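query_22.txt (compact mmCIF, C-alpha atoms) appears below.
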```
# COMPACT_ATOMS: atom_id res chain seq x y z
CA MET D 1 21.04 -16.03 -1.58
CA ALA D 2 23.64 -13.34 -0.87
CA LYS D 3 22.39 -9.88 0.03
CA PRO D 4 23.02 -7.61 -2.98
CA THR D 5 25.60 -4.93 -2.29
CA LYS D 6 26.73 -2.01 -4.40
CA ILE D 7 30.23 -2.21 -2.96
CA THR D 8 32.81 -4.44 -4.58
CA ASN D 9 36.40 -4.87 -3.49
CA THR D 10 39.80 -5.88 -4.77
CA ILE D 11 40.99 -7.62 -1.59
CA ARG D 12 41.45 -10.98 -3.27
CA SER D 13 43.82 -9.64 -5.92
CA LEU D 14 45.57 -7.41 -3.38
CA ARG D 15 46.20 -10.45 -1.20
CA PHE D 16 47.52 -12.36 -4.18
CA ASN D 17 49.92 -9.51 -5.01
CA ALA D 18 51.05 -9.30 -1.39
CA ASP D 19 53.00 -12.58 -1.44
CA GLU D 20 49.74 -14.54 -1.59
CA MET D 21 48.70 -13.41 1.86
CA THR D 22 46.12 -15.80 3.32
CA GLN D 23 42.68 -14.72 4.50
CA ALA D 24 43.68 -15.77 8.01
CA GLU D 25 46.81 -13.60 7.91
CA LEU D 26 44.85 -10.58 6.72
CA GLY D 27 42.20 -11.21 9.36
CA GLU D 28 44.85 -11.37 12.06
CA LYS D 29 46.43 -8.10 10.88
CA ILE D 30 43.15 -6.18 11.03
CA GLY D 31 41.56 -7.95 13.99
CA VAL D 32 38.72 -9.89 12.38
CA THR D 33 38.15 -13.60 11.78
CA ARG D 34 39.01 -15.44 8.56
CA GLN D 35 35.27 -15.96 7.99
CA THR D 36 34.72 -12.21 8.04
CA ILE D 37 37.42 -11.74 5.38
CA ILE D 38 35.70 -14.43 3.28
CA ALA D 39 32.33 -12.66 3.74
CA ILE D 40 33.86 -9.30 2.75
CA GLU D 41 35.54 -10.76 -0.34
CA HIS D 42 32.30 -12.40 -1.45
CA GLY D 43 30.29 -9.21 -0.91
CA LYS D 44 28.26 -10.78 1.91
CA TYR D 45 29.40 -8.25 4.48
CA SER D 46 30.21 -4.56 4.22
CA PRO D 47 32.86 -3.82 6.85
CA SER D 48 32.85 -0.80 9.12
CA LEU D 49 34.75 2.27 7.95
CA GLU D 50 37.48 1.50 10.46
CA VAL D 51 38.02 -2.05 9.19
CA ALA D 52 37.94 -0.78 5.60
CA PHE D 53 40.73 1.68 6.44
CA ARG D 54 42.70 -1.02 8.27
CA ILE D 55 42.54 -3.23 5.17
CA ALA D 56 43.67 -0.35 2.98
CA VAL D 57 46.60 0.36 5.34
CA VAL D 58 47.71 -3.30 5.24
CA PHE D 59 47.98 -3.14 1.43
CA ASP D 60 49.27 0.45 1.46
CA GLN D 61 46.46 1.53 -0.88
CA PRO D 62 43.88 4.34 -0.74
CA VAL D 63 40.59 3.00 0.63
CA ASP D 64 38.72 3.77 -2.61
CA ASP D 65 41.14 1.56 -4.52
CA VAL D 66 40.26 -1.34 -2.23
CA PHE D 67 36.50 -0.72 -2.06
CA ILE D 68 34.61 0.42 -5.12
CA TYR D 69 31.12 1.84 -4.84
CA SER D 70 29.00 1.28 -7.96
CA PRO D 71 25.61 3.00 -7.45
CA THR D 72 24.26 1.73 -10.78
CA LYS D 73 25.02 -1.94 -9.97
CA MET X 12 32.11 -22.37 9.50
CA SER X 13 33.33 -19.91 12.15
CA TYR X 14 33.53 -20.63 15.87
CA GLN X 15 30.48 -18.41 16.47
CA GLN X 16 28.47 -20.18 13.76
CA LYS X 17 29.30 -23.60 15.21
CA SER X 18 28.48 -22.33 18.67
CA VAL X 19 25.09 -20.93 17.57
CA SER X 20 24.27 -24.17 15.72
CA ALA X 21 25.16 -26.28 18.76
CA VAL X 22 23.12 -24.16 21.20
CA LEU X 23 20.17 -24.13 18.77
CA ALA X 24 20.24 -27.93 18.48
CA ILE X 25 20.45 -28.27 22.29
CA GLN X 26 17.57 -25.83 22.80
CA LEU X 27 15.36 -27.57 20.25
CA LEU X 28 15.95 -30.94 21.91
CA VAL X 29 15.48 -29.70 25.49
CA TYR X 30 12.40 -27.57 24.73
CA ALA X 31 10.88 -30.52 22.82
CA TRP X 32 11.64 -32.78 25.80
CA TYR X 33 10.02 -30.29 28.24
CA PHE X 34 6.84 -29.68 26.27
CA THR X 35 6.42 -33.39 25.45
CA HIS X 36 6.61 -34.17 29.17
CA ILE X 37 4.22 -31.37 30.10
CA LEU X 38 1.66 -32.29 27.44
CA SER X 39 1.79 -36.00 28.35
CA GLN X 40 1.16 -35.08 32.01
CA VAL X 41 -1.72 -32.78 31.03
CA SER X 42 -3.36 -35.62 29.12
CA GLU X 43 -3.10 -37.94 32.16
CA LEU X 44 -3.57 -35.66 35.19
CA ASP X 45 -5.58 -32.67 36.36
CA ILE X 46 -3.80 -29.42 35.59
CA GLU X 47 -3.44 -28.68 39.33
CA GLN X 48 -1.46 -31.93 39.71
CA VAL X 49 0.96 -31.25 36.88
CA GLU X 50 4.37 -30.59 38.41
CA TYR X 51 6.04 -28.24 35.95
CA LYS X 52 8.28 -26.21 38.26
CA THR X 53 10.82 -29.01 38.73
CA LEU X 54 10.77 -29.75 35.01
CA LEU X 55 11.27 -26.06 34.28
CA MET X 56 14.30 -25.86 36.57
CA LEU X 57 15.67 -29.06 35.02
CA MET X 58 15.11 -27.66 31.54
CA ILE X 59 17.02 -24.45 32.33
CA GLY X 60 19.81 -26.45 33.99
CA LEU X 61 20.06 -28.83 31.02
CA ILE X 62 20.27 -25.97 28.51
CA VAL X 63 22.99 -24.21 30.53
CA VAL X 64 25.08 -27.34 31.18
CA LEU X 65 24.75 -28.81 27.67
CA SER X 66 25.51 -25.43 26.08
CA ILE X 67 28.70 -25.13 28.16
CA VAL X 68 29.72 -28.69 27.24
CA GLY X 69 28.97 -27.96 23.56
CA GLN X 70 31.06 -24.77 23.62
CA ILE X 71 33.96 -26.62 25.28
CA ILE X 72 33.87 -29.38 22.62
CA ILE X 73 33.81 -26.79 19.81
CA ALA X 74 36.66 -24.85 21.44
CA ILE X 75 38.76 -28.01 21.87
CA SER X 76 38.19 -28.99 18.22
CA LYS X 77 39.80 -25.72 17.02
CA PRO X 78 41.43 -23.85 19.93
CA SER X 79 42.90 -21.14 17.68
CA GLU X 80 39.39 -19.84 16.85
CA ALA X 81 37.86 -20.31 20.31
CA GLY X 82 36.12 -17.23 21.63
CA GLU X 83 36.91 -15.13 18.54
CA VAL X 84 34.29 -12.40 18.13
CA ASP X 85 34.56 -9.54 15.67
CA GLU X 86 32.36 -6.70 14.39
CA ARG X 87 30.48 -8.99 11.98
CA ASP X 88 29.56 -11.37 14.82
CA ARG X 89 28.40 -8.43 16.94
CA GLN X 90 26.32 -6.99 14.08
CA ILE X 91 24.72 -10.37 13.39
CA GLY X 92 24.04 -10.72 17.12
CA LEU X 93 22.34 -7.32 17.24
CA LEU X 94 20.20 -7.88 14.12
CA SER X 95 19.12 -11.33 15.29
CA SER X 96 18.32 -10.08 18.80
CA ARG X 97 16.07 -7.45 17.26
CA VAL X 98 14.08 -10.10 15.38
CA GLY X 99 13.95 -12.29 18.50
CA GLY X 100 12.76 -9.25 20.49
CA ILE X 101 9.92 -8.59 18.04
CA VAL X 102 8.81 -12.24 18.32
CA LEU X 103 8.94 -12.00 22.12
CA ILE X 104 6.80 -8.82 22.14
CA ILE X 105 4.16 -10.45 19.90
CA CYS X 106 4.15 -13.55 22.12
CA VAL X 107 3.88 -11.51 25.34
CA PHE X 108 0.85 -9.68 23.95
CA SER X 109 -0.68 -13.07 23.09
CA VAL X 110 -0.03 -14.18 26.70
CA LEU X 111 -1.72 -10.98 27.92
CA GLY X 112 -4.69 -11.99 25.78
CA LEU X 113 -4.71 -15.37 27.51
CA LEU X 114 -4.54 -13.63 30.88
CA MET X 115 -7.47 -11.35 30.05
CA SER X 116 -9.52 -14.29 28.82
CA GLY X 117 -9.19 -15.81 32.30
CA ALA X 118 -6.88 -18.71 31.45
CA GLN X 119 -5.44 -20.74 34.32
CA ILE X 120 -2.06 -19.79 35.77
CA PHE X 121 -0.62 -23.09 34.49
CA TRP X 122 -1.41 -22.24 30.86
CA ILE X 123 -0.17 -18.68 31.28
CA ALA X 124 3.12 -20.03 32.67
CA GLN X 125 3.46 -22.48 29.77
CA ALA X 126 2.67 -19.76 27.25
CA LEU X 127 5.36 -17.54 28.78
CA ILE X 128 7.90 -20.38 28.68
CA ALA X 129 6.94 -21.10 25.05
CA SER X 130 7.30 -17.38 24.24
CA LEU X 131 10.82 -17.28 25.64
CA ALA X 132 11.71 -20.52 23.86
CA LEU X 133 10.30 -19.34 20.53
CA SER X 134 12.02 -15.95 20.62
CA ASP X 135 15.33 -17.63 21.52
CA ILE X 136 14.99 -20.16 18.69
CA VAL X 137 14.01 -17.48 16.16
CA MET X 138 16.99 -15.36 17.25
CA ARG X 139 19.44 -18.23 16.70
CA VAL X 140 17.85 -19.27 13.39
CA MET X 141 18.17 -15.64 12.22
CA MET X 142 21.83 -15.66 13.27
CA LEU X 143 22.48 -18.70 11.11
CA ILE X 144 20.58 -17.11 8.20
CA TYR X 145 22.60 -13.88 8.52
CA TYR X 146 25.87 -15.85 8.69
CA GLN X 147 24.88 -17.76 5.55
CA ARG X 148 23.21 -14.99 3.56
CA GLY X 149 25.29 -12.05 4.71
CA VAL X 150 24.42 -8.77 6.43
```
Spell out the structure here as structure tokens.
Amino acid sequence: MAKPTKITNTIRSLRFNADEMTQAELGEKIGVTRQTIIAIEHGKYSPSLEVAFRIAVVFDQPVDDVFIYSPTK
Amino acid sequence: MSYQQKSVSAVLAIQLLVYAWYFTHILSQVSELDIEQVEYKTLLMLMIGLIVVLSIVGQIIIAISKPSEAGEVDERDRQIGLLSSRVGGIVLIICVFSVLGLLMSGAQIFWIAQALIASLALSDIVMRVMMLIYYQRGV
């Protein structure tokens, strides 16, 4: 069972809108493995602040548009 | 499954097999011989050697099967490593206190040595099982 997290993200749709960027390509750009991208997308891993910013930079989006904190979730 | 996950699974399987082999041999000797006659030091060295060699061979096979992912470690792998080591460390501390109990009760050196080896084996196995759980469940 996945660990519940209050942070969701829009990485999957951002990848799709960025010429259907693969998880491996995104991982390579930010210096993590494809499995870590999969874990982040599925909410099984909350990345460090630095990796969160790197992802936001890749998609040219503010970090709070990529990661959404929902305290009531 | 990531390179690290495959690597942890392979080393865990090797450890389980080699530890089982060691303790089966030791216990069969104990049932047949006096404890003073049980030669465990050679077996212990062989066990350590087997784990090291088989783990290296396992890692090489995994690396050859997907060279692009070989040796890749990122922050998630490091975090999982740290969390799992902490659990393994707690198990080791509990086991060491149990061995101290054995020592204070006047157990023979042979049994104290076996209990220490079992403690190290158990903490190592728990650490790797926790790694696989964290990889599967998330951290």
For the point (30.0, -5.8, 3.4) in the file's frame, write as a PyMOL selection string all residues with an atom no more than 8 Å away, counting all atoms listed in the file. (chain D and resi 5+7+39-40+43-47) or (chain X and resi 149-150)
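Nearest to Arg15 (chain D) of all the residues D:Glu41, D:Ile68, D:Arg54, D:Val63 is D:Glu41, based on only C-alpha atoms.
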Skip Ala129 (chain X) itself and residues of its chain fewer than 5 positions away, then list as number ranges by chain all residues within 9 Å of it, counting all atoms listed in the file. X: 30, 34, 106, 124, 134
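Computed from the coordinates, the CA of Glu50 (chain D) to CA of Glu80 (chain X) distance equals 22.4 Å.
Distance annotation: of X:Leu55, X:Arg148, X:Val63, X:Ser18, the residue with the minimal separation from Glu83 (chain X) is X:Ser18; atom set is all atoms listed in the file.
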Kindly extract all protein, DNA and RNA residues lying within 12 Å of the coordinates (31.3, 3.1, -4.9) given in the file, considering only C-alpha atoms, and supply them as a PyMOL selection string. chain D and resi 5-9+46+63-73
Dump as a short mmCIF file (atom, residue, chain, number, x, y, z; two decimals), in the coordinates of the input, selection limited to C-alpha atoms:
```
data_model
loop_
_atom_site.label_atom_id
_atom_site.label_comp_id
_atom_site.auth_asym_id
_atom_site.auth_seq_id
_atom_site.Cartn_x
_atom_site.Cartn_y
_atom_site.Cartn_z
CA THR D 5 25.60 -4.93 -2.29
CA LYS D 6 26.73 -2.01 -4.40
CA ILE D 7 30.23 -2.21 -2.96
CA THR D 8 32.81 -4.44 -4.58
CA ASN D 9 36.40 -4.87 -3.49
CA SER D 46 30.21 -4.56 4.22
CA VAL D 63 40.59 3.00 0.63
CA ASP D 64 38.72 3.77 -2.61
CA ASP D 65 41.14 1.56 -4.52
CA VAL D 66 40.26 -1.34 -2.23
CA PHE D 67 36.50 -0.72 -2.06
CA ILE D 68 34.61 0.42 -5.12
CA TYR D 69 31.12 1.84 -4.84
CA SER D 70 29.00 1.28 -7.96
CA PRO D 71 25.61 3.00 -7.45
CA THR D 72 24.26 1.73 -10.78
CA LYS D 73 25.02 -1.94 -9.97
#
```
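Using only C-alpha atoms, the smallest distance between any of X:Val137, X:Ile73, X:Arg87, X:Gln147 and Ser48 (chain D) comes from X:Arg87.
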Dump N, CA, C and O atoms of region 88-104 of chain X from the given block, as an mmCIF file, in the first residue's frame.
```cif
data_model
loop_
_atom_site.group_PDB
_atom_site.id
_atom_site.type_symbol
_atom_site.label_atom_id
_atom_site.label_comp_id
_atom_site.auth_asym_id
_atom_site.auth_seq_id
_atom_site.Cartn_x
_atom_site.Cartn_y
_atom_site.Cartn_z
ATOM 1 N N ASP X 88 17.215 6.577 -3.717
ATOM 2 C CA ASP X 88 17.978 5.384 -3.307
ATOM 3 C C ASP X 88 18.716 5.657 -1.994
ATOM 4 O O ASP X 88 18.756 4.803 -1.100
ATOM 5 N N ARG X 89 19.320 6.863 -1.903
ATOM 6 C CA ARG X 89 20.065 7.191 -0.677
ATOM 7 C C ARG X 89 19.131 7.278 0.522
ATOM 8 O O ARG X 89 19.460 6.807 1.609
ATOM 9 N N GLN X 90 17.943 7.879 0.323
ATOM 10 C CA GLN X 90 16.989 8.002 1.433
ATOM 11 C C GLN X 90 16.503 6.620 1.875
ATOM 12 O O GLN X 90 16.412 6.344 3.081
ATOM 13 N N ILE X 91 16.214 5.768 0.908
ATOM 14 C CA ILE X 91 15.767 4.406 1.237
ATOM 15 C C ILE X 91 16.885 3.668 1.964
ATOM 16 O O ILE X 91 16.640 2.967 2.950
ATOM 17 N N GLY X 92 18.121 3.867 1.504
ATOM 18 C CA GLY X 92 19.276 3.247 2.167
ATOM 19 C C GLY X 92 19.388 3.683 3.618
ATOM 20 O O GLY X 92 19.603 2.854 4.514
ATOM 21 N N LEU X 93 19.219 4.987 3.853
ATOM 22 C CA LEU X 93 19.342 5.517 5.216
ATOM 23 C C LEU X 93 18.236 4.988 6.128
ATOM 24 O O LEU X 93 18.492 4.542 7.248
ATOM 25 N N LEU X 94 16.982 5.026 5.636
ATOM 26 C CA LEU X 94 15.848 4.559 6.450
ATOM 27 C C LEU X 94 15.985 3.071 6.782
ATOM 28 O O LEU X 94 15.734 2.653 7.913
ATOM 29 N N SER X 95 16.413 2.298 5.792
ATOM 30 C CA SER X 95 16.545 0.853 6.000
ATOM 31 C C SER X 95 17.695 0.547 6.958
ATOM 32 O O SER X 95 17.586 -0.341 7.802
ATOM 33 N N SER X 96 18.790 1.307 6.827
ATOM 34 C CA SER X 96 19.929 1.097 7.731
ATOM 35 C C SER X 96 19.529 1.376 9.177
ATOM 36 O O SER X 96 19.993 0.715 10.093
ATOM 37 N N ARG X 97 18.659 2.372 9.337
ATOM 38 C CA ARG X 97 18.209 2.701 10.699
ATOM 39 C C ARG X 97 17.454 1.528 11.309
ATOM 40 O O ARG X 97 17.684 1.149 12.460
ATOM 41 N N VAL X 98 16.563 0.915 10.522
ATOM 42 C CA VAL X 98 15.800 -0.242 11.024
ATOM 43 C C VAL X 98 16.759 -1.405 11.316
ATOM 44 O O VAL X 98 16.677 -2.049 12.370
ATOM 45 N N GLY X 99 17.687 -1.639 10.361
ATOM 46 C CA GLY X 99 18.678 -2.705 10.561
ATOM 47 C C GLY X 99 19.513 -2.450 11.813
ATOM 48 O O GLY X 99 19.827 -3.379 12.557
ATOM 49 N N GLY X 100 19.850 -1.188 12.050
ATOM 50 C CA GLY X 100 20.636 -0.813 13.237
ATOM 51 C C GLY X 100 19.890 -1.102 14.528
ATOM 52 O O GLY X 100 20.474 -1.591 15.504
ATOM 53 N N ILE X 101 18.580 -0.819 14.518
ATOM 54 C CA ILE X 101 17.766 -1.082 15.726
ATOM 55 C C ILE X 101 17.748 -2.591 16.002
ATOM 56 O O ILE X 101 17.915 -3.028 17.144
ATOM 57 N N VAL X 102 17.573 -3.381 14.940
ATOM 58 C CA VAL X 102 17.562 -4.845 15.102
ATOM 59 C C VAL X 102 18.901 -5.311 15.660
ATOM 60 O O VAL X 102 18.960 -6.146 16.579
ATOM 61 N N LEU X 103 19.994 -4.744 15.134
ATOM 62 C CA LEU X 103 21.330 -5.141 15.587
ATOM 63 C C LEU X 103 21.526 -4.814 17.076
ATOM 64 O O LEU X 103 22.056 -5.633 17.836
ATOM 65 N N ILE X 104 21.059 -3.637 17.498
ATOM 66 C CA ILE X 104 21.202 -3.240 18.912
ATOM 67 C C ILE X 104 20.447 -4.222 19.814
ATOM 68 O O ILE X 104 20.980 -4.691 20.826
#
```
